[in-house]
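S.K.: First the structure, which I've put down as structure tokens, then a few questions once you've had a look.
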Amino acid sequence: MSSKKMLAALPLAAICFMPHHASAQDQQGMVVVRDAQTGQLRAPTAAESRALAPKSTAAMAAPARPNMVTHPGGARQVRLGERGLVYAVVTREGDGKLSDQCIHGEQAAEHAVHDHAAHSRQDRQAGQATQADDDKEGRHEVR
Amino acid sequence: MKSANFTQRPAAALATTLAVALAVTFAAFAAPAQAATITIVNQNAAGIGFNDPTPATPVGGNPGTTLGQQRLYAFQYAANIWGATLSSAVPVRIGASFVPLSCTANSAVLGSAGANEIWSDFTNAPRQNTWYPSALASKLAGVDVATPGEPHIIARFNSRLGLFADCLPGSGFYLGTDNNAAGQIDLVTVLLHEMAHGLGFQTFTDDETGAEIQDIPSIWDHYLVDNRTERLWVDMTPAERVASAISGDGLSWNGPIVSAAVPQVLDPKSRLTVAGSAAGSAAGNYEVGDASFGPPLGATAVTGQLMPVVEQPDGAGLACAALNEVNSLAVRGNVALVSRGSCDFVAKARNVQAAGAIGMVVADNAPGPAVGMSGDDPSITIPAVRVTQDAGNTLRAALQSRSRTRSGVTASLGIDPNRLAGTDAQRRILMYTPTTNAPGSSTSHYTTDAKPNQLMEPSINSDLSHTVTPPRDLTYPLLQDIGW
């Protein structure tokens with residue numbers, strides 16, 4: 001896209017704001033906050049923890065199995081919510097290079113993140129890269 | 001010009017100020033005739049995510065002065081690229097947030113996106129009994145079909161990436177818009193990719209089971225064809241869909257707009273041609289994986305005697321260190337055959353180049369297809385390709401009888417003028433169908449064999465531009481095929 005076209009496009013998008021949180025049902029890991037006054041990171045207060053905790057919104061609270069709704073006139077609808085998401089996962093290889101992959105589904109994304117961490121630990125213990133790291137099919141490998 | 005929709009709330013005053021400034025700054029430019037309004041619905045609370053007040057220095061065209069402002073600007077920038085490309089009378093709402101997502105010190109979820117709702121049999125639906133993502137269904141219906149208050153697309157990105165010791169420290173999002181990430185993760189590129197999924201670059205049929213949602217196919221499935229049987233996914237059984245999804249190169253995109261654009265977007269396919277008096281049964285053309293380093297293969301092939309590097313007990317040669325005198329003599333002025341393993345591909349290329357080789361063939365050390373080789377070193381001036389383990393064994397067998405400088409087997413690193421990279425025999429682009437059933441692997445991506453690299457490959461490559469249209473990219477043509 002030319003820069004001219006890009007500039008022309010900029011006013012087209014709009015931003016609106018909703019006061020509720022984006023929920024993250026799969027939030028994991030330690031949560032810290034940056035103190036607004038000191039700029040330092042610290043553990044969240046109880047109120048901040050509540051604010052950061054996953055909360056369901058209509059968009060995210062999809063049922064365990066997709067329910068279909070048939071509307072007057074015949075239109076049919078399924079709310080996917082989290083189920084429809086495609087995840088981008090990045091890993092840092094032994095040589096420091098970043099490698100990413102796009103994965104469908106939360107569980108698969110979680111596996112990609114944590115299986116890599118497990119592999120990395122094994123690699124460090126073994127002192128060498130594993131074949132599993134070398135053979136991620138479909139990726140443009142560095143070694 | 002389509003009007004922008006600003007809803008101002010006190011909690012988001014900083015970001016809103018930035019957005020208003022953007023609108024004012026660019027108000028003098030006329031909108032293109034083809035456009036869609038894409039609304040970023042900021043779902044973060046005050047003080048976090050898009051509203052993070054942490055001071056930030058403007059970077060790479062992003063004028064934001066807080067972390068939240070810069071995130072919002074990058075989001076907006078990516079949305080604007082899609083907004084200027086698509087056409088819809090119904091604004092597309094992306095429910096977006098930066099939230100803590102799964103991390104370790106060396107891996108992380110960057111973000112996720114997808115359609116929030118899918119619809120079938122709505123007013124003006126081009127195909128009956130077919131799922132469409134709600135943003136596309138709304139465009140086609142001419143009215144917003146989505147449940148009131150619901151976004152068409154959900155997008156969540158990792159607010160902790162690169163900022164914490166347990167979340168890929170030092171490798172955060174690059175928030176500039178100048179495509180100059182320099183080792184960081186270019187947020188705009190990731191956003192363009194993920195937003196495309198939300199717009200419809202995905203099937204809603206399960207890749208692993210082949211099951212359709214409520215036994216209704218996705219619009220995607222009408223264009224996904226098994227290039228060996230010419231059967232569409234929509235006509236297959238679940239088991240047949242599963243088999244085709246792990247076929248290696250058996251699925252193609254059969255949409256007319258993509259297929260028409262393929263010749264102007266994709267480059268000819270690289271190949272290795274082996275010949276010569278001693279080649280015997282090894283003579284012929286070989287599938288290769290391209291290298292991201294060194295010069296690309298061209299119409300004028302680089303040709304020379306194929307000579308192996310030999311330094312291992314089994315006769316293989318890794319070329320991970322400077323070549324000894326015998327190996328240097330063998331590869332000088334010739335094409336070096338080395339084995340994959342133990343060091344980066346670029347290290348091998350540097351070493352054989354330093355010894356005088358004019359090209360490099362890397363033989364895989366494990367079964368699998370001939371995939372590409374990553375790496376970057378501007379000092380490498382010789383071409384390189386990668387061949388399968390089987391091909392490597394065949395070539396080594398043909399090189400058993402040779403002198404110190406000649407083998408009688410020639411290797412030509414060039415292109416096949418009749419084939420385009422990443423396409424089937426009918427010049428349709430291949431889809432990503434790895435032969436191993438990796439969890440989460442999805443046919444909702446283009447093949448990794450495309451050349452140049454495409455935005456919608458399963459991995460985001462560093463050579464991508466912020467482009468979604470031909471002649472550089474095939475993302476928008478696919479969205480056009482499904483109805484955009």
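Just so we're on the same page: first chain in the structure tokens is A, next is B, and so on; residues restart at 1 for each chain, and ligands are numbered from 1 in the order they show up.
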Excluding A:Pro66 and any residue of its chain fewer than 4 positions from it, enumerate the residues within 10 Å of it, using only C-alpha atoms, and give them as a PyMOL selection string.

M.R.: (chain A and resi 62+77-81+83) or (chain B and resi 213-214)

S.K.: How would the residues just picked look written out with C-alpha atoms as a PDB file, in the first residue's frame?

M.R.:
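Generated output (out.pdb):
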ATOM      1  CA  ALA A  62     -19.008 -18.879  24.935  1.00  0.00           C
ATOM      2  CA  GLN A  77     -25.961 -18.075  14.358  1.00  0.00           C
ATOM      3  CA  VAL A  78     -23.273 -19.632  16.538  1.00  0.00           C
ATOM      4  CA  ARG A  79     -21.211 -17.663  19.000  1.00  0.00           C
ATOM      5  CA  LEU A  80     -17.659 -18.934  18.927  1.00  0.00           C
ATOM      6  CA  GLY A  81     -16.057 -16.542  21.397  1.00  0.00           C
ATOM      7  CA  ARG A  83     -13.230 -21.102  20.413  1.00  0.00           C
TER       8      ARG A  83
ATOM      9  CA  ILE B 213     -20.023 -26.950  13.235  1.00  0.00           C
ATOM     10  CA  GLN B 214     -23.608 -28.195  13.341  1.00  0.00           C
TER      11      GLN B 214
END

S.K.: If you count only C-alpha atoms, which residues fall within 9 Å of stretch 251-254 of chain B, apart from same-chain ones fewer than 6 positions away, as a list in words?

M.R.: His222, Tyr223, Leu224, Val225, Asp226, Asn227, Arg228, Leu232, Ser244, Ala245, Thr423, Asp424, Arg428, Ile429, Leu430, Met431, Tyr432, Thr433, Thr443, Tyr446 and Leu478 of chain B

S.K.: In Å, rounded to a single decimal, give me how far atom CA of B:Met307 is from atom CA of B:Ala366.

M.R.: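 Going from atom CA of B:Ala366 over to atom CA of B:Met307, I get 21.0 Å.
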
S.K.: Find the residues near stretch 88-92 of chain B: any atom within 7 Å, counting only C-alpha atoms, skip ones fewer than 3 places away on the same chain, and give them as a ChimeraX atom specification.

M.R.: /B:35-39,135,138-139,142-144,152

S.K.: Create the file for the chosen residues now, containing N, CA and C atoms and written as an mmCIF file, in the first residue's frame.

M.R.:
data_model
loop_
_atom_site.group_PDB
_atom_site.id
_atom_site.type_symbol
_atom_site.label_atom_id
_atom_site.label_comp_id
_atom_site.auth_asym_id
_atom_site.auth_seq_id
_atom_site.Cartn_x
_atom_site.Cartn_y
_atom_site.Cartn_z
ATOM 1 N N ALA B 35 -13.718 1.234 0.794
ATOM 2 C CA ALA B 35 -13.242 1.349 2.164
ATOM 3 C C ALA B 35 -14.247 0.724 3.111
ATOM 4 N N ALA B 36 -13.761 0.456 4.265
ATOM 5 C CA ALA B 36 -14.625 -0.008 5.341
ATOM 6 C C ALA B 36 -14.171 0.691 6.618
ATOM 7 N N THR B 37 -15.089 0.926 7.483
ATOM 8 C CA THR B 37 -14.727 1.488 8.777
ATOM 9 C C THR B 37 -14.443 0.335 9.736
ATOM 10 N N ILE B 38 -13.274 0.395 10.346
ATOM 11 C CA ILE B 38 -12.937 -0.623 11.341
ATOM 12 C C ILE B 38 -12.796 0.069 12.683
ATOM 13 N N THR B 39 -13.633 -0.309 13.594
ATOM 14 C CA THR B 39 -13.663 0.325 14.904
ATOM 15 C C THR B 39 -12.945 -0.553 15.918
ATOM 16 N N ALA B 135 -18.425 -10.461 10.504
ATOM 17 C CA ALA B 135 -18.068 -9.224 9.802
ATOM 18 C C ALA B 135 -18.408 -9.335 8.325
ATOM 19 N N SER B 138 -22.214 -9.472 7.758
ATOM 20 C CA SER B 138 -22.801 -8.134 7.848
ATOM 21 C C SER B 138 -22.580 -7.356 6.559
ATOM 22 N N LYS B 139 -21.396 -7.469 6.016
ATOM 23 C CA LYS B 139 -21.131 -6.779 4.743
ATOM 24 C C LYS B 139 -22.089 -7.286 3.663
ATOM 25 N N GLY B 142 -25.647 -6.282 4.264
ATOM 26 C CA GLY B 142 -25.889 -4.837 4.189
ATOM 27 C C GLY B 142 -26.382 -4.252 5.498
ATOM 28 N N VAL B 143 -26.494 -5.077 6.493
ATOM 29 C CA VAL B 143 -26.869 -4.628 7.836
ATOM 30 C C VAL B 143 -26.031 -5.413 8.841
ATOM 31 N N ASP B 144 -25.906 -4.864 10.022
ATOM 32 C CA ASP B 144 -25.103 -5.540 11.034
ATOM 33 C C ASP B 144 -25.891 -6.720 11.601
ATOM 34 N N HIS B 152 -17.460 -8.040 16.107
ATOM 35 C CA HIS B 152 -17.358 -9.037 15.040
ATOM 36 C C HIS B 152 -16.104 -9.889 15.215
#

S.K.: Neighbouring residues of B:Thr405 were defined as those with any atom within 9 Å, considering only C-alpha atoms; residues of the same chain fewer than 4 positions away were excluded. Please report them as number ranges by chain.

M.R.: B: 305, 307, 329-332, 334

S.K.: Write out as a list in words each polymer residue whose atoms come within 8 Å of A:Val90, counting only C-alpha atoms; drop sequence neighbours fewer than 3 positions from it.

M.R.: Leu98, Ser99, Asp100, Gln101 and Val113 of chain A; Ser107, Ala108, Val109 and Leu110 of chain B

S.K.: Quick one: residues within 9 Å of B:Asn327, only C-alpha atoms counted, chain neighbours fewer than 4 positions away excluded, as a VMD selection string?

M.R.: chain B and resid 307 to 311 323 331 to 332 352 355 404

S.K.: Go through B:Trp131, B:Trp484, B:Phe173, B:Phe345 one by one, measure the shortest atom-to-atom distance of each to chain A using only C-alpha atoms, and give the residue with the smallest value.

M.R.: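 Looking only at the distances to chain A, the closest residue turns out to be B:Phe345.
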
S.K.: Need the shell around B:Ile415: protein/DNA/RNA residues with any atom at most 6 Å away, counting only C-alpha atoms. Skip same-chain ones fewer than 4 positions apart. Format as a PyMOL selection string?

M.R.: chain B and resi 269-271+298-299

S.K.: Just the strand (DSSP E or B) stuff from stretch 54-126 of chain B, please, per backbone DSSP, written as a list in words.

M.R.: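 So, restricting stretch 54-126 of chain B to strand (DSSP E or B), we get Pro55, Val59, Asn62, Thr66, Val92, Arg93, Ile94, Gly95, Ala96, Ser97, Phe98, Val99, Cys103, Ser107, Ala108, Val109, Leu110, Gly111, Ser112, Ala113, Gly114, Ala115, Glu117, Ile118, Trp119 and Ser120 of chain B.
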
S.K.: Run DSSP on the backbone and grab whatever in stretch 68-108 of chain A lands in helix (DSSP H, G or I); send it over as a PyMOL selection string.

M.R.: chain A and resi 81-84+106-108

S.K.: For the selection just defined, write its residues with C-alpha atoms to a file, as a PDB file, in the first residue's frame.

M.R.:
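The resulting file, part00.pdb, is shown below:
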ATOM      1  CA  GLY A  81     -16.057 -16.542  21.397  1.00  0.00           C
ATOM      2  CA  GLU A  82     -12.707 -17.967  22.487  1.00  0.00           C
ATOM      3  CA  ARG A  83     -13.230 -21.102  20.413  1.00  0.00           C
ATOM      4  CA  GLY A  84     -12.692 -19.268  17.178  1.00  0.00           C
ATOM      5  CA  GLU A 106      -6.061 -22.158  23.191  1.00  0.00           C
ATOM      6  CA  GLN A 107      -4.918 -25.599  24.307  1.00  0.00           C
ATOM      7  CA  ALA A 108      -2.567 -25.989  21.379  1.00  0.00           C
TER       8      ALA A 108
END

S.K.: Take atom CA of B:Pro151 and atom CA of B:Asn116 and report the distance between them in Å, one decimal.

M.R.: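 Computing it gives 6.7 Å between the two atoms.
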
S.K.: Which residue is closest to B:Ser328? Choose from B:Gly294, B:Gly356, B:Gly304, B:Pro367 and count only C-alpha atoms.

M.R.: B:Gly356
